[in-house]
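S.K.: Following this message is one structure expressed as structure tokens.
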Amino acid sequence: MPGPGTTTPGFRDGPSGAGSARGYPAAVSTPVGADPAVVGPYLASVLGDEKWRSVSIDLIAAGMSNLTYTVTPTDGSPDDAVILRRPPTCAVPATANELGLDYTVIASLGPTAVPVPRTLHLCQDTSVLGAPFYVMERVVGVHVVSEIPAGYADAPDQRRAIGEGLVDVLADLHTVDHEKVGLAEFGRPEGFMARQVRRWTKQWDATRDRDRPGLDALAARLAETVPDTQRNAVVHGDYRLDNCLLDPETPGRIRAVLDWEMSTLGDPLADLGMMLVYWPQAGESLPATQASVTALPGFLTRAEVAERYAARTGLDLSTLPWYVGFAYFKFAAIVAGIVARSAAGAMAGKDTSGYAERIDPCVELGRAALDDGVI
């Protein structure tokens with residue numbers, strides 16, 4: 001399980017702990033895929049600064065998407081470090097292409113109100129490291145995962161400010177003029193939610209751990225009741241507290257939104273629905289998939305999150321329970337896939353005990369959203 005909140009520079013790409021981006025800059029192995037003897041001279045050339053001629057590189061414990069490294073000039077300090085990202089060394093071409101899209105959305109959002117790391121360079125010449133890669137600034141901030149660090153946001157009004165800041169940044173993202181910032185071709189927004197339901201239904205069908213009639217019924221109901229999209233927008237795909245870095249001095253300020261691998265053009269309420277799934281309230285008994293941070297005194301309730309979001313975006317949230325139901329379905333399908341891969345021996349080294357018990361509660365919460373309008 002993720003560790004407590006930490007002051008974390010950089011970009012997250014894996015589980016929390018001493019050997020992760022959340023515990024930056026802990027090196028976990030020889031930096032395969034980013035040879036310092038190649039990266040250093042290359043950065044010196046493209047960045048026009050000889051301080052990069054000699055560098056040290058630490059591999060941050062990678063998740064299942066991209067590899068993330070910190071690159072520090074040999075004569076520099078951690079304050080001089082930058083972040084380098086590339087596909088896994090065994091990645092298929094589609095994965096490498098997604099890395100370029102990741103870079104594109106971050107670079108395009110740079111001039112907007114959405115806080116993102118500053119991009120420095122995209123290399124699409126695979127002869128350099130064997131795959132495309134990009135370099136961006138290292139952002140220093142407080143990374144809250146399962147708990148808030150002692151001495152940070154101790155007062156309820158500070159926690160409320162964190163909640164308000166998260167909502168406001170999501171609203172800012174969803175009101176970006178994607179055509180104006182060069183993202184008009186970033187995705188296929190038409191039919192986005194219907195495709196999402198089909199995609200995750202196929203994912204569930206392909207990785208069934210056992211018969212789960214409730215999950216099948218939820219998938220069918222979602223497919224039959226897809227609401228009309230009110231607005232096409234840049235969607236993050238996995239927006240939540242632990243995918244953001246908070247300002248060390250001002251808890252309500254978001255320093256950077258991280259992990260844009262799932263971003264595209266689509267229905268913005270998909271982001272809000274998923275955010276609410278990760279937003280437990282005080283007094284609730286919810287699946288162990290959710291940290292209890294937002295249940296602390298001061299944080300907005302889910303209803304307050306929705307109200308603030310609606311006020312800032314002007315969107316009608318009468319269909320929001322459908323999006324919450326979909327988010328729980330998607331989450332259940334993801335967990336079922338993990339359970340199936342674990343049973344097949346494909347999750348070596350990862351503790352997946354108890355995961356199967358998380359699926360049915362998610363199905364029930366999804367059903368409650370559709371039947372009773374519970375968000």
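Chain lettering (A, B, ...) mirrors the order of the structure tokens, residue numbering begins at 1 for each chain separately, and ligand numbering begins at 1 in order of display.
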Compile the contact shell of Ser56 of chain A as a list in words: residues with an atom at most 9 Å away, counting only C-alpha atoms, same-chain residues fewer than 6 positions apart removed.

M.R.: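 Listed by chain and then number, they are Pro36, Gly40, Thr70, Val71, Thr72, Pro73 and Thr74 of chain A.
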
S.K.: Could you write those residues out with all heavy atoms, as a short mmCIF file (atom, residue, chain, number, x, y, z; two decimals), in the first residue's frame?

M.R.:
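Output contents, as saved in part35.cif:
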```cif
data_model
loop_
_atom_site.label_atom_id
_atom_site.label_comp_id
_atom_site.auth_asym_id
_atom_site.auth_seq_id
_atom_site.Cartn_x
_atom_site.Cartn_y
_atom_site.Cartn_z
N PRO A 36 24.02 7.26 -18.81
CA PRO A 36 24.53 8.61 -18.53
C PRO A 36 25.53 9.10 -19.57
O PRO A 36 25.57 10.31 -19.87
CB PRO A 36 25.19 8.46 -17.16
CG PRO A 36 24.51 7.28 -16.53
CD PRO A 36 24.21 6.35 -17.67
N GLY A 40 23.98 12.57 -21.01
CA GLY A 40 24.68 13.80 -20.66
C GLY A 40 25.08 14.64 -21.87
O GLY A 40 24.65 15.78 -22.02
N THR A 70 15.60 10.53 -12.70
CA THR A 70 16.10 11.86 -12.38
C THR A 70 17.50 11.97 -12.97
O THR A 70 18.30 11.04 -12.88
CB THR A 70 16.18 12.10 -10.86
OG1 THR A 70 17.07 11.14 -10.28
CG2 THR A 70 14.81 11.96 -10.21
N VAL A 71 17.76 13.09 -13.62
CA VAL A 71 19.05 13.34 -14.25
C VAL A 71 19.66 14.56 -13.57
O VAL A 71 19.06 15.64 -13.58
CB VAL A 71 18.90 13.60 -15.76
CG1 VAL A 71 20.28 13.78 -16.40
CG2 VAL A 71 18.13 12.46 -16.43
N THR A 72 20.84 14.39 -12.96
CA THR A 72 21.48 15.45 -12.20
C THR A 72 22.88 15.71 -12.74
O THR A 72 23.66 14.76 -12.94
CB THR A 72 21.59 15.06 -10.71
OG1 THR A 72 20.30 14.66 -10.23
CG2 THR A 72 22.09 16.24 -9.87
N PRO A 73 23.24 16.97 -13.00
CA PRO A 73 24.62 17.26 -13.43
C PRO A 73 25.61 16.79 -12.38
O PRO A 73 25.37 16.93 -11.18
CB PRO A 73 24.64 18.79 -13.56
CG PRO A 73 23.21 19.19 -13.68
CD PRO A 73 22.43 18.19 -12.90
N THR A 74 26.72 16.22 -12.82
CA THR A 74 27.71 15.69 -11.88
C THR A 74 28.18 16.74 -10.89
O THR A 74 28.38 16.45 -9.70
CB THR A 74 28.92 15.14 -12.65
OG1 THR A 74 28.49 14.08 -13.52
CG2 THR A 74 29.98 14.60 -11.70
#
```

S.K.: Could you give me, as JSON lines, every segment 162-247 of chain A residue with an atom at most 9 Å from segment 350-368 of chain A, plus its closest atom pair and distance in Å to one decimal, counting only C-alpha atoms, rows ordered by chain then number?

M.R.:
```
{"residue": "A:Asp209", "atom": "CA", "partner": "A:Ala356", "partner_atom": "CA", "distance": 8.3}
{"residue": "A:Arg212", "atom": "CA", "partner": "A:Asp360", "partner_atom": "CA", "distance": 8.2}
{"residue": "A:Gly214", "atom": "CA", "partner": "A:Val363", "partner_atom": "CA", "distance": 6.6}
{"residue": "A:Leu215", "atom": "CA", "partner": "A:Val363", "partner_atom": "CA", "distance": 5.9}
{"residue": "A:Leu218", "atom": "CA", "partner": "A:Arg367", "partner_atom": "CA", "distance": 6.6}
```

S.K.: I need the chosen residues saved as a CSV table (one decimal), in the first residue's frame, with C-alpha atoms.

M.R.:
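What landed in part07.csv:
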```
chain,number,residue,atom,x,y,z
A,209,ASP,CA,-11.3,-13.9,-12.2
A,212,ARG,CA,-19.6,-11.9,-11.2
A,214,GLY,CA,-23.5,-8.1,-10.6
A,215,LEU,CA,-20.5,-6.7,-12.6
A,218,LEU,CA,-23.7,-3.1,-14.2
```

S.K.: Find the spatial neighbours of Ala303 of chain A, counting only C-alpha atoms, within a cut-off of 12 Å - ignore same-chain residues fewer than 4 positions away - and output them as a ChimeraX atom specification.

M.R.: /A:167,272-273,276,279-281,299,307-310,317,320-321,373-375

S.K.: Which residues, written as a list in words, have at least one atom at most 8 Å from Thr313 of chain A, with only C-alpha atoms counted and residues fewer than 5 positions away on the same chain left out?

M.R.: Ala171, His174 and Thr175 of chain A

S.K.: Mind checking DSSP for segment 159-260 of chain A and telling me the strand (DSSP E) residues as a list in words?

M.R.: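 Restricting segment 159-260 of chain A to strand (DSSP E) produces Ala233, Val234, Val235, Cys244, Leu245, Leu246, Ile254, Arg255, Ala256 and Val257 of chain A.
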
S.K.: So that I have them on file, write out the residues from the current selection with all heavy atoms, as a PDB file, in the first residue's frame.

M.R.:
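Produced file result26.pdb, reproduced below:
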```pdb
ATOM      1  N   ALA A 233     -13.798  18.192 -23.873  1.00  0.00           N
ATOM      2  CA  ALA A 233     -12.717  18.866 -23.151  1.00  0.00           C
ATOM      3  C   ALA A 233     -11.519  17.950 -23.049  1.00  0.00           C
ATOM      4  O   ALA A 233     -11.602  16.743 -23.326  1.00  0.00           O
ATOM      5  CB  ALA A 233     -13.186  19.274 -21.754  1.00  0.00           C
ATOM      6  N   VAL A 234     -10.384  18.516 -22.648  1.00  0.00           N
ATOM      7  CA  VAL A 234      -9.229  17.702 -22.301  1.00  0.00           C
ATOM      8  C   VAL A 234      -9.541  17.009 -20.979  1.00  0.00           C
ATOM      9  O   VAL A 234      -9.846  17.667 -19.986  1.00  0.00           O
ATOM     10  CB  VAL A 234      -7.953  18.544 -22.151  1.00  0.00           C
ATOM     11  CG1 VAL A 234      -6.762  17.657 -21.763  1.00  0.00           C
ATOM     12  CG2 VAL A 234      -7.651  19.306 -23.442  1.00  0.00           C
ATOM     13  N   VAL A 235      -9.517  15.703 -20.971  1.00  0.00           N
ATOM     14  CA  VAL A 235      -9.738  14.950 -19.736  1.00  0.00           C
ATOM     15  C   VAL A 235      -8.419  14.317 -19.312  1.00  0.00           C
ATOM     16  O   VAL A 235      -7.638  13.871 -20.144  1.00  0.00           O
ATOM     17  CB  VAL A 235     -10.831  13.875 -19.906  1.00  0.00           C
ATOM     18  CG1 VAL A 235     -12.178  14.520 -20.150  1.00  0.00           C
ATOM     19  CG2 VAL A 235     -10.504  12.907 -21.020  1.00  0.00           C
ATOM     20  N   CYS A 244      -1.343  14.724  -7.787  1.00  0.00           N
ATOM     21  CA  CYS A 244      -1.009  16.148  -7.762  1.00  0.00           C
ATOM     22  C   CYS A 244       0.079  16.403  -6.720  1.00  0.00           C
ATOM     23  O   CYS A 244       0.224  15.645  -5.759  1.00  0.00           O
ATOM     24  CB  CYS A 244      -2.238  16.992  -7.405  1.00  0.00           C
ATOM     25  SG  CYS A 244      -3.579  16.913  -8.605  1.00  0.00           S
ATOM     26  N   LEU A 245       0.825  17.466  -6.926  1.00  0.00           N
ATOM     27  CA  LEU A 245       1.786  17.947  -5.936  1.00  0.00           C
ATOM     28  C   LEU A 245       1.256  19.246  -5.354  1.00  0.00           C
ATOM     29  O   LEU A 245       0.861  20.148  -6.099  1.00  0.00           O
ATOM     30  CB  LEU A 245       3.159  18.174  -6.573  1.00  0.00           C
ATOM     31  CG  LEU A 245       3.890  16.950  -7.108  1.00  0.00           C
ATOM     32  CD1 LEU A 245       5.207  17.363  -7.769  1.00  0.00           C
ATOM     33  CD2 LEU A 245       4.159  15.934  -6.004  1.00  0.00           C
ATOM     34  N   LEU A 246       1.252  19.344  -4.015  1.00  0.00           N
ATOM     35  CA  LEU A 246       0.738  20.517  -3.326  1.00  0.00           C
ATOM     36  C   LEU A 246       1.876  21.456  -2.951  1.00  0.00           C
ATOM     37  O   LEU A 246       3.005  21.026  -2.694  1.00  0.00           O
ATOM     38  CB  LEU A 246      -0.018  20.101  -2.068  1.00  0.00           C
ATOM     39  CG  LEU A 246      -1.103  19.034  -2.234  1.00  0.00           C
ATOM     40  CD1 LEU A 246      -1.752  18.735  -0.888  1.00  0.00           C
ATOM     41  CD2 LEU A 246      -2.141  19.466  -3.255  1.00  0.00           C
ATOM     42  N   ILE A 254      -2.091  24.062  -5.978  1.00  0.00           N
ATOM     43  CA  ILE A 254      -1.595  22.853  -6.634  1.00  0.00           C
ATOM     44  C   ILE A 254      -0.370  23.237  -7.447  1.00  0.00           C
ATOM     45  O   ILE A 254      -0.446  24.078  -8.347  1.00  0.00           O
ATOM     46  CB  ILE A 254      -2.668  22.235  -7.552  1.00  0.00           C
ATOM     47  CG1 ILE A 254      -4.015  22.105  -6.821  1.00  0.00           C
ATOM     48  CG2 ILE A 254      -2.190  20.892  -8.083  1.00  0.00           C
ATOM     49  CD1 ILE A 254      -3.961  21.275  -5.568  1.00  0.00           C
ATOM     50  N   ARG A 255       0.784  22.646  -7.136  1.00  0.00           N
ATOM     51  CA  ARG A 255       2.014  22.966  -7.857  1.00  0.00           C
ATOM     52  C   ARG A 255       2.066  22.289  -9.220  1.00  0.00           C
ATOM     53  O   ARG A 255       2.584  22.851 -10.188  1.00  0.00           O
ATOM     54  CB  ARG A 255       3.238  22.535  -7.040  1.00  0.00           C
ATOM     55  CG  ARG A 255       3.486  23.352  -5.788  1.00  0.00           C
ATOM     56  CD  ARG A 255       3.874  24.797  -6.111  1.00  0.00           C
ATOM     57  NE  ARG A 255       4.923  24.896  -7.106  1.00  0.00           N
ATOM     58  CZ  ARG A 255       6.224  24.784  -6.854  1.00  0.00           C
ATOM     59  NH1 ARG A 255       6.643  24.561  -5.614  1.00  0.00           N
ATOM     60  NH2 ARG A 255       7.119  24.907  -7.823  1.00  0.00           N
ATOM     61  N   ALA A 256       1.579  21.049  -9.305  1.00  0.00           N
ATOM     62  CA  ALA A 256       1.622  20.334 -10.573  1.00  0.00           C
ATOM     63  C   ALA A 256       0.631  19.184 -10.573  1.00  0.00           C
ATOM     64  O   ALA A 256       0.446  18.514  -9.551  1.00  0.00           O
ATOM     65  CB  ALA A 256       3.024  19.804 -10.862  1.00  0.00           C
ATOM     66  N   VAL A 257      -0.012  18.970 -11.708  1.00  0.00           N
ATOM     67  CA  VAL A 257      -0.820  17.780 -11.946  1.00  0.00           C
ATOM     68  C   VAL A 257       0.062  16.801 -12.706  1.00  0.00           C
ATOM     69  O   VAL A 257       0.701  17.156 -13.698  1.00  0.00           O
ATOM     70  CB  VAL A 257      -2.084  18.102 -12.762  1.00  0.00           C
ATOM     71  CG1 VAL A 257      -2.905  16.836 -12.982  1.00  0.00           C
ATOM     72  CG2 VAL A 257      -2.927  19.164 -12.060  1.00  0.00           C
TER      73      VAL A 257
END
```

S.K.: Apply DSSP to the backbone of this structure and, from segment 43-284 of chain A, keep only the residues in alpha helix (DSSP H); write these as a ChimeraX atom specification.

M.R.: /A:43-46,93-109,126-129,156-174,192-206,213-224,269-277

S.K.: Using only C-alpha atoms for the distances, tell me which of A:Val142, A:Val293, A:Leu120, A:Leu47 is nearest to Thr250 of chain A.

M.R.: A:Val142

S.K.: Would you mind listing what lies within 12 Å of segment 176-181 of chain A as a list in words, with only C-alpha atoms counted and same-chain residues fewer than 6 positions away left out?

M.R.: Thr104, Val105, Ile106, Ala107, Ser108, Leu109, Gly110, Pro111, Thr112, Ala113, Val114, Val169, Leu170, Gly187, Pro189, Arg231, Asn232, Ala233, Val234, Val235, Thr264, Leu265, Gly266, Pro268 and Thr313 of chain A

S.K.: Can you measure atom CA of Arg195 of chain A to atom CA of Leu269 of chain A for me? One decimal in Å is fine.

M.R.: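 Atom CA of Leu269 of chain A lies at a distance of 14.8 Å from atom CA of Arg195 of chain A.
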
S.K.: Please indicate the distance in Å from atom CA of Leu129 of chain A to atom CA of Arg86 of chain A, rounded to one decimal place.

M.R.: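 Those two atoms sit 8.8 Å apart.
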
S.K.: Identify which of the residues A:Val135, A:Ala270, A:Leu300, A:Leu84 lies closest to Ala327 of chain A, counting only C-alpha atoms when measuring atom-to-atom distances.

M.R.: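 Residue with the minimum atom-to-atom distance to Ala327 of chain A: A:Ala270.
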
S.K.: Which residues, written as a VMD selection string, have at least one atom at most 10 Å from Tyr134 of chain A, with only C-alpha atoms counted and residues fewer than 6 positions away on the same chain left out?

M.R.: chain A and resid 68 83 to 86 99 to 100 102 to 103 119 to 124

S.K.: Next, write the just-selected residues to a file, as a tab-separated table (two decimals), in the first residue's frame, keeping all heavy atoms as the atom set.

M.R.:
```tsv
chain	number	residue	atom	x	y	z
A	68	THR	N	10.79	6.37	-15.48
A	68	THR	CA	11.04	7.75	-15.08
A	68	THR	C	12.37	7.82	-14.35
A	68	THR	O	12.63	7.01	-13.46
A	68	THR	CB	9.92	8.27	-14.17
A	68	THR	OG1	8.66	8.10	-14.83
A	68	THR	CG2	10.11	9.73	-13.84
A	83	ILE	N	13.73	15.69	-14.95
A	83	ILE	CA	13.08	14.39	-15.05
A	83	ILE	C	13.11	13.93	-16.51
A	83	ILE	O	12.79	14.70	-17.42
A	83	ILE	CB	11.62	14.47	-14.56
A	83	ILE	CG1	11.57	14.96	-13.12
A	83	ILE	CG2	10.93	13.11	-14.70
A	83	ILE	CD1	12.24	14.06	-12.11
A	84	LEU	N	13.48	12.67	-16.72
A	84	LEU	CA	13.48	12.07	-18.05
A	84	LEU	C	12.50	10.91	-18.04
A	84	LEU	O	12.52	10.08	-17.12
A	84	LEU	CB	14.87	11.60	-18.44
A	84	LEU	CG	15.08	11.04	-19.86
A	84	LEU	CD1	16.50	11.29	-20.34
A	84	LEU	CD2	14.78	9.52	-19.93
A	85	ARG	N	11.67	10.82	-19.08
A	85	ARG	CA	10.71	9.72	-19.20
A	85	ARG	C	10.85	9.05	-20.56
A	85	ARG	O	11.03	9.73	-21.57
A	85	ARG	CB	9.27	10.21	-19.03
A	85	ARG	CG	9.01	10.97	-17.74
A	85	ARG	CD	7.52	11.04	-17.46
A	85	ARG	NE	7.09	9.89	-16.69
A	85	ARG	CZ	5.84	9.45	-16.63
A	85	ARG	NH1	4.91	10.02	-17.36
A	85	ARG	NH2	5.52	8.42	-15.87
A	86	ARG	N	10.74	7.74	-20.55
A	86	ARG	CA	10.79	6.95	-21.77
A	86	ARG	C	9.92	5.70	-21.60
A	86	ARG	O	9.61	5.30	-20.47
A	86	ARG	CB	12.22	6.54	-22.12
A	86	ARG	CG	12.91	5.72	-21.04
A	86	ARG	CD	13.98	4.82	-21.62
A	86	ARG	NE	13.38	3.78	-22.45
A	86	ARG	CZ	14.05	3.06	-23.35
A	86	ARG	NH1	15.34	3.27	-23.52
A	86	ARG	NH2	13.45	2.12	-24.06
A	99	LEU	N	3.83	8.06	-25.43
A	99	LEU	CA	4.73	8.94	-24.71
A	99	LEU	C	4.76	10.32	-25.38
A	99	LEU	O	4.76	11.35	-24.71
A	99	LEU	CB	6.14	8.35	-24.67
A	99	LEU	CG	7.13	9.16	-23.84
A	99	LEU	CD1	7.19	8.59	-22.42
A	99	LEU	CD2	8.51	9.15	-24.45
A	100	GLY	N	4.78	10.34	-26.70
A	100	GLY	CA	4.75	11.61	-27.41
A	100	GLY	C	3.48	12.38	-27.15
A	100	GLY	O	3.50	13.61	-27.02
A	102	ASP	N	1.71	12.15	-24.40
A	102	ASP	CA	1.89	12.60	-23.03
A	102	ASP	C	2.63	13.93	-23.00
A	102	ASP	O	2.21	14.90	-22.35
A	102	ASP	CB	2.66	11.51	-22.27
A	102	ASP	CG	2.77	11.78	-20.78
A	102	ASP	OD1	1.95	12.51	-20.24
A	102	ASP	OD2	3.70	11.22	-20.17
A	103	TYR	N	3.74	13.98	-23.73
A	103	TYR	CA	4.53	15.21	-23.81
A	103	TYR	C	3.72	16.35	-24.43
A	103	TYR	O	3.75	17.48	-23.97
A	103	TYR	CB	5.79	14.95	-24.64
A	103	TYR	CG	6.66	16.17	-24.84
A	103	TYR	CD1	7.68	16.47	-23.94
A	103	TYR	CD2	6.47	17.02	-25.93
A	103	TYR	CE1	8.50	17.58	-24.12
A	103	TYR	CE2	7.28	18.14	-26.12
A	103	TYR	CZ	8.28	18.41	-25.21
A	103	TYR	OH	9.08	19.52	-25.39
A	119	THR	N	7.96	21.54	-19.85
A	119	THR	CA	8.65	20.60	-20.73
A	119	THR	C	9.91	21.25	-21.29
A	119	THR	O	9.94	22.45	-21.58
A	119	THR	CB	7.74	20.16	-21.89
A	119	THR	OG1	7.22	21.32	-22.54
A	119	THR	CG2	6.60	19.31	-21.38
A	120	LEU	N	10.98	20.46	-21.43
A	120	LEU	CA	12.26	20.97	-21.89
A	120	LEU	C	12.67	20.44	-23.25
A	120	LEU	O	13.25	21.16	-24.06
A	120	LEU	CB	13.35	20.63	-20.86
A	120	LEU	CG	13.12	21.20	-19.45
A	120	LEU	CD1	14.19	20.67	-18.49
A	120	LEU	CD2	13.13	22.72	-19.49
A	121	HIS	N	12.37	19.16	-23.53
A	121	HIS	CA	12.82	18.61	-24.81
A	121	HIS	C	12.14	17.27	-25.07
A	121	HIS	O	11.98	16.45	-24.16
A	121	HIS	CB	14.33	18.40	-24.80
A	121	HIS	CG	14.86	17.82	-26.08
A	121	HIS	ND1	14.89	18.52	-27.27
A	121	HIS	CD2	15.35	16.57	-26.37
A	121	HIS	CE1	15.41	17.75	-28.22
A	121	HIS	NE2	15.69	16.57	-27.69
A	122	LEU	N	11.72	17.07	-26.32
A	122	LEU	CA	11.20	15.79	-26.77
A	122	LEU	C	12.14	15.24	-27.84
A	122	LEU	O	12.43	15.91	-28.83
A	122	LEU	CB	9.80	15.94	-27.36
A	122	LEU	CG	9.21	14.71	-28.08
A	122	LEU	CD1	8.99	13.57	-27.10
A	122	LEU	CD2	7.91	15.08	-28.79
A	123	CYS	N	12.63	14.03	-27.62
A	123	CYS	CA	13.51	13.38	-28.60
A	123	CYS	C	12.75	12.20	-29.23
A	123	CYS	O	12.38	11.26	-28.53
A	123	CYS	CB	14.79	12.86	-27.94
A	123	CYS	SG	15.86	11.94	-29.09
A	124	GLN	N	12.53	12.27	-30.52
A	124	GLN	CA	11.85	11.19	-31.23
A	124	GLN	C	12.81	10.36	-32.07
A	124	GLN	O	12.39	9.46	-32.79
A	124	GLN	CB	10.73	11.77	-32.09
A	124	GLN	CG	9.62	12.43	-31.25
A	124	GLN	CD	8.50	13.01	-32.09
A	124	GLN	OE1	8.74	13.84	-32.96
A	124	GLN	NE2	7.28	12.56	-31.82
```

S.K.: Calculate how many Å separate atom CA of Arg199 of chain A from atom CA of Ala219 of chain A, rounding to one decimal.

M.R.: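 Interatomic distance, atom CA of Arg199 of chain A to atom CA of Ala219 of chain A: 10.6 Å.
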
S.K.: Between A:Tyr42, A:Trp52, A:Phe326, A:Phe186, single out the one closest to Leu101 of chain A, counting only C-alpha atoms.

M.R.: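 Of A:Tyr42, A:Trp52, A:Phe326, A:Phe186, the one nearest Leu101 of chain A is A:Phe186, counting only C-alpha atoms.
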